[in-house]
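File shown: final_28.csv. Contents: CSV, C-alpha atoms.
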chain,number,residue,atom,x,y,z
A,1139,MET,CA,107.1,136.8,85.3
A,1140,ASN,CA,110.5,138.2,84.9
A,1141,ARG,CA,112.5,137.3,88.0
A,1142,LYS,CA,113.5,141.0,88.6
A,1143,LEU,CA,109.9,142.1,88.5
A,1144,LYS,CA,108.6,139.3,90.7
A,1145,LEU,CA,106.6,140.8,93.6
A,1146,THR,CA,106.5,139.6,97.2
A,1147,VAL,CA,103.6,140.2,99.6
A,1148,ARG,CA,105.7,142.9,101.2
A,1149,ASP,CA,106.1,144.6,97.8
A,1150,VAL,CA,102.3,144.5,97.1
A,1151,THR,CA,101.7,146.0,100.6
A,1152,LEU,CA,104.3,148.7,99.9
A,1153,ILE,CA,102.7,149.5,96.5
A,1154,GLY,CA,99.3,149.7,98.2
A,1155,LEU,CA,100.7,152.1,100.8
A,1156,MET,CA,102.4,154.3,98.2
A,1157,VAL,CA,99.2,154.6,96.2
A,1158,ALA,CA,97.2,155.4,99.3
A,1159,ILE,CA,99.6,158.1,100.3
A,1160,ILE,CA,99.5,159.7,96.9
A,1161,GLU,CA,95.7,159.5,96.7
A,1162,VAL,CA,95.2,160.9,100.3
A,1163,CYS,CA,97.5,163.8,99.6
A,1164,LYS,CA,95.8,164.5,96.3
A,1165,ILE,CA,92.4,164.6,97.8
A,1166,ALA,CA,93.6,166.6,100.8
A,1167,LEU,CA,95.0,169.3,98.5
A,1168,SER,CA,92.2,169.1,95.9
A,1169,GLY,CA,90.9,172.5,97.1
A,1170,LEU,CA,94.1,174.2,96.0
A,1171,PRO,CA,94.2,174.2,92.1
A,1172,ASN,CA,97.5,172.8,90.7
A,1173,ILE,CA,99.2,172.5,94.1
A,1174,GLU,CA,99.8,168.8,94.5
A,1175,LEU,CA,102.1,166.3,96.2
A,1176,THR,CA,101.8,163.6,93.5
A,1177,SER,CA,105.0,164.9,91.8
A,1178,PHE,CA,106.9,164.9,95.1
A,1179,TRP,CA,105.8,161.4,96.0
A,1180,VAL,CA,106.4,160.0,92.5
A,1181,ILE,CA,110.0,161.3,92.7
A,1182,MET,CA,110.6,160.1,96.2
A,1183,PHE,CA,109.1,156.7,95.7
A,1184,THR,CA,111.0,156.1,92.5
A,1185,ARG,CA,114.3,157.0,94.3
A,1186,TYR,CA,113.6,154.5,97.1
A,1187,PHE,CA,111.4,151.8,95.8
A,1188,LYS,CA,112.5,151.8,92.2
A,1189,LYS,CA,110.8,148.9,90.2
A,1190,ARG,CA,107.8,148.9,92.5
A,1191,VAL,CA,106.9,152.3,91.1
A,1192,LEU,CA,106.2,150.5,87.8
A,1193,PHE,CA,103.1,149.2,89.6
A,1194,VAL,CA,102.3,152.3,91.7
A,1195,ILE,CA,101.8,154.7,88.8
A,1196,PRO,CA,99.4,152.4,86.8
A,1197,VAL,CA,97.4,151.6,89.9
A,1198,PHE,CA,97.2,155.3,90.8
A,1199,ILE,CA,96.1,156.2,87.3
A,1200,LEU,CA,93.5,153.4,87.3
A,1201,ILE,CA,92.1,154.6,90.7
A,1202,GLU,CA,91.9,158.2,89.4
A,1203,GLY,CA,90.0,156.9,86.3
A,1204,VAL,CA,87.6,155.0,88.5
A,1205,MET,CA,87.0,157.9,90.9
A,1206,TYR,CA,86.7,160.7,88.4
A,1207,GLY,CA,85.9,159.0,85.1
A,1208,ILE,CA,88.0,158.4,82.0
A,1209,HIS,CA,88.5,161.7,80.2
A,1210,ILE,CA,91.3,163.3,78.1
A,1211,TRP,CA,93.3,164.1,81.3
A,1212,TRP,CA,93.4,160.4,82.0
A,1213,ILE,CA,95.2,159.8,78.8
A,1214,MET,CA,97.6,162.6,79.7
A,1215,TYR,CA,98.3,160.9,83.0
A,1216,LEU,CA,99.3,157.7,81.1
A,1217,TYR,CA,102.5,159.2,79.9
A,1218,ALA,CA,103.1,162.3,82.2
A,1219,TRP,CA,103.6,160.5,85.5
A,1220,PRO,CA,105.7,157.6,84.0
A,1221,LEU,CA,107.9,160.3,82.4
A,1222,LEU,CA,108.4,161.9,85.7
A,1223,ALA,CA,109.3,158.6,87.3
A,1224,LEU,CA,111.8,157.9,84.5
A,1225,VAL,CA,113.5,161.2,85.1
A,1226,ALA,CA,113.5,160.6,88.8
A,1227,TYR,CA,115.0,157.1,88.3
A,1228,LEU,CA,117.7,158.5,86.0
A,1229,THR,CA,118.6,161.2,88.5
A,1230,ARG,CA,118.2,159.0,91.6
A,1231,LYS,CA,121.9,159.4,92.7
A,1232,SER,CA,121.4,163.1,93.3
A,1233,ASP,CA,120.9,163.8,97.0
A,1234,SER,CA,120.3,167.5,96.7
A,1235,ALA,CA,116.9,169.1,97.5
A,1236,VAL,CA,117.7,171.9,95.1
A,1237,SER,CA,118.3,169.6,92.2
A,1238,LEU,CA,115.2,167.6,92.8
A,1239,ALA,CA,113.2,170.8,93.3
A,1240,ILE,CA,114.4,171.9,89.9
A,1241,ILE,CA,113.2,168.6,88.4
A,1242,SER,CA,109.9,168.8,90.1
A,1243,GLY,CA,109.5,172.5,89.2
A,1244,VAL,CA,110.3,172.0,85.6
A,1245,PHE,CA,107.9,169.1,85.4
A,1246,GLY,CA,105.1,171.4,86.8
A,1247,LEU,CA,106.0,174.2,84.5
A,1248,LEU,CA,105.9,171.9,81.4
A,1249,PHE,CA,102.9,169.9,82.6
A,1250,GLY,CA,100.5,171.8,80.4
A,1251,LEU,CA,102.8,171.4,77.4
A,1252,LEU,CA,103.0,167.6,78.0
A,1253,CYS,CA,99.2,167.4,78.4
A,1254,SER,CA,98.5,169.4,75.2
A,1255,ILE,CA,99.7,166.4,73.1
A,1256,PRO,CA,96.3,164.7,72.8
A,1257,TYR,CA,94.9,167.9,71.4
A,1258,ILE,CA,97.2,167.6,68.4
A,1259,PHE,CA,95.2,164.5,67.5
A,1260,ILE,CA,91.8,166.0,68.5
A,1261,GLY,CA,92.4,169.1,66.5
A,1262,SER,CA,93.5,167.0,63.5
A,1263,VAL,CA,90.2,165.2,63.1
A,1264,ASP,CA,89.6,167.1,59.8
A,1265,GLY,CA,92.9,165.6,58.5
A,1266,ASN,CA,94.8,168.8,58.9
A,1267,ILE,CA,97.7,168.3,61.3
A,1268,ILE,CA,98.4,172.1,61.4
A,1269,ASN,CA,95.0,172.6,62.9
A,1270,GLY,CA,95.9,169.9,65.5
A,1271,PHE,CA,99.0,171.9,66.5
A,1272,ARG,CA,97.1,175.1,66.6
A,1273,THR,CA,94.5,173.5,68.9
A,1274,ALA,CA,97.2,172.1,71.2
A,1275,PHE,CA,99.1,175.4,71.2
A,1276,ALA,CA,95.9,177.4,72.1
A,1277,TRP,CA,95.1,174.9,74.9
A,1278,TRP,CA,98.6,175.0,76.3
A,1279,ILE,CA,98.8,178.9,76.3
A,1280,ALA,CA,95.4,179.2,78.0
A,1281,GLY,CA,96.7,177.1,80.9
A,1282,ILE,CA,100.1,178.7,81.4
A,1283,PRO,CA,99.0,180.7,84.5
A,1284,TRP,CA,98.2,177.4,86.2
A,1285,ASP,CA,101.4,175.8,84.9
A,1286,LEU,CA,103.3,178.6,86.7
A,1287,VAL,CA,101.4,177.9,89.9
A,1288,HIS,CA,102.1,174.2,89.4
A,1289,GLY,CA,105.8,174.6,88.8
A,1290,ILE,CA,106.5,177.1,91.5
A,1291,ALA,CA,104.5,175.0,94.0
A,1292,ASN,CA,106.3,171.8,93.0
A,1293,PHE,CA,109.7,173.6,93.5
A,1294,ILE,CA,108.8,174.9,96.9
A,1295,ILE,CA,107.2,171.6,98.1
A,1296,MET,CA,110.3,169.7,97.2
A,1297,LEU,CA,112.6,172.2,98.9
A,1298,VAL,CA,110.6,172.1,102.1
A,1299,LEU,CA,109.7,168.5,102.3
A,1300,TYR,CA,112.8,166.7,100.8
A,1301,HIS,CA,115.0,166.6,103.9
A,1302,PRO,CA,112.4,165.6,106.5
A,1303,ILE,CA,110.7,163.0,104.3
A,1304,ASN,CA,114.1,161.7,103.0
A,1305,THR,CA,115.2,161.1,106.6
A,1306,VAL,CA,112.1,159.1,107.3
A,1307,MET,CA,112.3,157.2,104.1
A,1308,LYS,CA,115.9,156.2,104.7
A,1309,LYS,CA,114.9,154.7,108.1
A,1310,THR,CA,111.9,153.0,106.5
A,1311,ASP,CA,114.1,151.6,103.7
A,1312,LYS,CA,116.5,150.1,106.2
A,1313,MET,CA,113.6,148.7,108.3
A,1314,ILE,CA,111.9,147.1,105.4
A,1315,PHE,CA,114.8,145.8,103.3
A,1316,SER,CA,117.6,145.1,105.9
A,1317,GLU,CA,115.9,142.0,107.2
B,632,MET,CA,131.9,173.8,93.6
B,633,LYS,CA,131.0,172.0,90.4
B,634,ALA,CA,127.8,170.8,92.0
B,635,ASN,CA,126.9,174.3,93.2
B,636,ALA,CA,127.5,175.7,89.7
B,637,LYS,CA,125.0,173.0,88.3
B,638,LYS,CA,122.4,174.0,90.9
B,639,ILE,CA,122.8,177.7,90.0
B,640,ILE,CA,122.4,176.9,86.3
B,641,GLY,CA,119.4,174.8,87.1
B,642,ILE,CA,117.7,177.6,89.2
B,643,VAL,CA,118.5,180.1,86.4
B,644,LEU,CA,116.9,177.7,83.9
B,645,VAL,CA,113.8,177.5,86.0
B,646,ILE,CA,113.6,181.3,86.2
B,647,VAL,CA,114.2,181.6,82.5
B,648,LEU,CA,111.5,179.0,81.9
B,649,ILE,CA,109.0,180.9,84.1
B,650,ILE,CA,109.7,184.2,82.3
B,651,ALA,CA,109.5,182.5,78.9
B,652,LEU,CA,106.1,180.9,79.8
B,653,GLY,CA,104.9,184.3,81.1
B,654,ALA,CA,106.0,186.0,77.9
B,655,LEU,CA,104.3,183.4,75.7
B,656,TYR,CA,101.1,183.7,77.7
B,657,PHE,CA,101.0,187.5,77.3
B,658,VAL,CA,101.8,187.4,73.6
B,659,PHE,CA,99.5,184.5,72.5
B,660,ARG,CA,96.7,184.5,75.1
B,661,GLU,CA,93.2,185.0,73.9
B,662,LYS,CA,92.5,188.7,74.0
B,663,PRO,CA,89.2,190.3,74.6
B,664,VAL,CA,87.6,191.1,71.2
B,665,GLU,CA,86.5,194.6,70.6
B,666,GLY,CA,82.7,195.0,70.1
B,667,SER,CA,81.5,194.9,66.6
B,668,LYS,CA,79.0,197.9,66.8
B,669,SER,CA,80.2,201.5,66.9
B,670,ILE,CA,77.8,203.7,68.7
B,671,THR,CA,77.7,207.1,70.5
B,672,ILE,CA,75.9,208.1,73.6
B,673,GLU,CA,75.5,211.8,74.3
B,674,VAL,CA,74.5,213.1,77.7
B,675,ILE,CA,73.1,216.6,77.8
B,676,ASN,CA,72.6,217.8,81.4
B,677,SER,CA,70.3,220.6,82.8
B,678,LYS,CA,72.8,223.3,81.9
B,679,SER,CA,72.8,222.0,78.3
B,680,GLU,CA,76.4,220.8,78.7
B,681,SER,CA,77.1,217.8,76.5
B,682,VAL,CA,79.4,214.8,77.0
B,683,VAL,CA,79.7,212.3,74.2
B,684,TYR,CA,80.8,208.7,74.8
B,685,GLU,CA,82.0,206.7,71.8
B,686,LEU,CA,82.2,203.0,72.2
B,687,LYS,CA,82.4,199.7,70.4
B,688,THR,CA,80.1,197.2,71.8
B,689,ASP,CA,78.4,193.9,71.3
B,690,ALA,CA,75.6,194.9,73.6
B,691,GLU,CA,72.1,193.9,72.4
B,692,PHE,CA,70.3,196.6,74.4
B,693,LEU,CA,71.1,200.1,75.5
B,694,ARG,CA,71.5,199.4,79.2
B,695,GLN,CA,74.4,197.1,78.7
B,696,ALA,CA,76.0,199.6,76.3
B,697,MET,CA,75.5,202.4,78.9
B,698,GLU,CA,77.2,200.1,81.5
B,699,GLU,CA,80.1,199.6,79.1
B,700,ALA,CA,80.6,203.4,78.4
B,701,GLU,CA,83.5,204.4,80.5
B,702,GLY,CA,82.7,207.4,82.7
B,703,LEU,CA,79.0,207.3,82.2
B,704,THR,CA,77.1,206.6,85.4
B,705,PHE,CA,73.4,206.2,85.9
B,706,ASN,CA,70.9,205.1,88.4
B,707,GLY,CA,67.2,204.5,88.8
B,708,SER,CA,64.5,202.2,90.0
B,709,GLU,CA,63.7,198.8,88.6
B,710,SER,CA,60.2,198.4,87.2
B,711,GLU,CA,58.3,196.0,85.1
B,712,TYR,CA,59.6,198.0,82.1
B,713,GLY,CA,63.2,197.7,83.2
B,714,LEU,CA,65.3,200.4,84.8
B,715,MET,CA,63.6,203.8,85.0
B,716,VAL,CA,66.6,206.1,84.9
B,717,ASN,CA,66.3,209.2,87.2
B,718,GLU,CA,70.0,210.0,87.7
B,719,VAL,CA,72.7,210.4,85.0
B,720,ASN,CA,76.3,211.4,85.7
B,721,GLY,CA,75.3,212.3,89.3
B,722,GLU,CA,72.4,214.6,88.2
B,723,ILE,CA,68.9,213.7,89.4
B,724,ALA,CA,65.8,214.5,87.3
B,725,ASP,CA,62.9,214.4,89.7
B,726,PHE,CA,59.6,214.6,87.9
B,727,SER,CA,57.7,215.1,91.2
B,728,VAL,CA,59.6,218.2,92.0
B,729,ASN,CA,59.8,220.1,88.7
B,730,GLY,CA,58.5,217.7,86.0
B,731,ALA,CA,62.1,216.9,84.9
B,732,TYR,CA,63.0,213.6,83.4
B,733,TRP,CA,65.8,212.0,81.4
B,734,SER,CA,64.7,211.7,77.8
B,735,PHE,CA,66.2,208.9,75.7
B,736,ASN,CA,66.6,209.3,72.0
B,737,VAL,CA,68.1,207.3,69.2
B,738,ASN,CA,69.2,208.9,66.0
B,739,GLY,CA,67.2,212.0,66.8
B,740,THR,CA,64.0,210.1,67.6
B,741,TYR,CA,62.5,209.4,71.0
B,742,CYS,CA,63.2,205.8,72.1
B,743,ASN,CA,60.2,203.5,71.9
B,744,TYR,CA,61.5,201.2,74.5
B,745,GLY,CA,63.0,201.3,78.0
B,746,ILE,CA,66.8,201.0,78.2
B,747,ASP,CA,66.6,197.3,79.0
B,748,THR,CA,64.8,196.6,75.7
B,749,GLN,CA,66.0,199.4,73.4
B,750,PRO,CA,68.0,197.6,70.7
B,751,VAL,CA,71.5,198.7,69.8
B,752,LEU,CA,72.4,198.8,66.1
B,753,ASP,CA,75.7,199.6,64.5
B,754,GLY,CA,76.1,203.4,64.0
B,755,ASP,CA,73.3,204.3,66.5
B,756,ALA,CA,73.6,207.7,68.1
B,757,PHE,CA,71.9,207.8,71.4
B,758,SER,CA,71.2,210.9,73.4
B,759,ILE,CA,70.2,211.2,77.0
B,760,VAL,CA,68.8,214.6,77.6
B,761,TYR,CA,67.7,216.4,80.8
B,762,THR,CA,64.2,217.5,79.9
B,763,LEU,CA,61.7,219.6,81.7
B,764,GLY,CA,58.1,218.5,81.3
Write the structure described by the file as structure tokens, please.
Amino acid sequence: MNRKLKLTVRDVTLIGLMVAIIEVCKIALSGLPNIELTSFWVIMFTRYFKKRVLFVIPVFILIEGVMYGIHIWWIMYLYAWPLLALVAYLTRKSDSAVSLAIISGVFGLLFGLLCSIPYIFIGSVDGNIINGFRTAFAWWIAGIPWDLVHGIANFIIMLVLYHPINTVMKKTDKMIFSE
Amino acid sequence: MKANAKKIIGIVLVIVLIIALGALYFVFREKPVEGSKSITIEVINSKSESVVYELKTDAEFLRQAMEEAEGLTFNGSESEYGLMVNEVNGEIADFSVNGAYWSFNVNGTYCNYGIDTQPVLDGDAFSIVYTLG
């Protein structure tokens, strides 16, 4: 294994904890459609635990698949969450709740658009790619009200939770990695 | 100052995105399809006053078409033959008092079925007439 990606027992424990936090929050909020803490945690964990998130997201997606079955949404997860982690990694130096709320909000607003990609292929089964785009477009448009809920909720959640969680994570980061 | 400007631009972008998504939804969302059958329902009350309801419907049976007719109200009692209508647009026809009833006609002919089973065809002209027995 690449030396940089070599995991210690502490890393594995940390990865398990991160996945558990994401899953518990997801289940706790499952009664509220499109209001979730997964985006918030993916952004926060990427900022603090960097390479370990490379393991957190696949494990999270795998658990989701095991719990709810492998469907089209599962394929969407394969690229949507890593994309958010990549954006969070590239903007990790920003320490502004507003900037991160914008990132999280835009991700929520465009989540439906991102997730419509598989429908391009599903709609093209007759060999006509135009039909594929039409299918994806119709699917995306139908879900826009929920994308608006998703984006606005993501924006507010980041604004409200960033400072308290960031303070705790800074302390945790020092505790874990200063030894 | 520069950072603040970036934040403001970011927030404006989010708001623009929300508005754009909302506009896209209202322009391209699936809209309810107008019914494929054109029918009329005429109500003639005890004073021989007539009100005509024109509607486009996909209703299979008269009851659903009557429910879809805006402004038309009716009431009655459920029976094994479906709804027995005794009140239309607030006027009650009470057979036990004066032998009055609401007569249902389609294209000038007495309906053979109750409103739950009376078929609706394109171009049908229904009439609901206050009738004294």
Taking only C-alpha atoms into account, find every residue of chain B that has an atom no more than 12 Å from chain A, and write it out as an MDAnalysis selection string. chainID B and resid 634:662
Could you tell me how far atom CA of Thr1184 of chain A sits from atom CA of Thr1229 of chain A, in Å to one decimal place?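 Atom-to-atom, atom CA of Thr1229 of chain A and atom CA of Thr1184 of chain A are spaced 10.0 Å apart.
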What is the atom CA of Tyr1215 of chain A to atom CA of Cys1253 of chain A distance in Å?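 It comes out at 8.0 Å.
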Gly666 of chain B environment, 8 Å, only C-alpha atoms, sequence neighbours closer than 5 positions dropped, as an NGL selection string: :B and (687-690)
Save out the residues we just selected, C-alpha atoms, as a CSV table (one decimal), in the frame of the given file.
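Generated file (out.csv):
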chain,number,residue,atom,x,y,z
B,687,LYS,CA,82.4,199.7,70.4
B,688,THR,CA,80.1,197.2,71.8
B,689,ASP,CA,78.4,193.9,71.3
B,690,ALA,CA,75.6,194.9,73.6
Of the candidates B:Asp755, B:Glu711, B:Glu673, B:Glu718, which one gets nearest to Tyr732 of chain B if we count all atoms listed in the file?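 The answer is B:Glu718, which sits nearest to Tyr732 of chain B.
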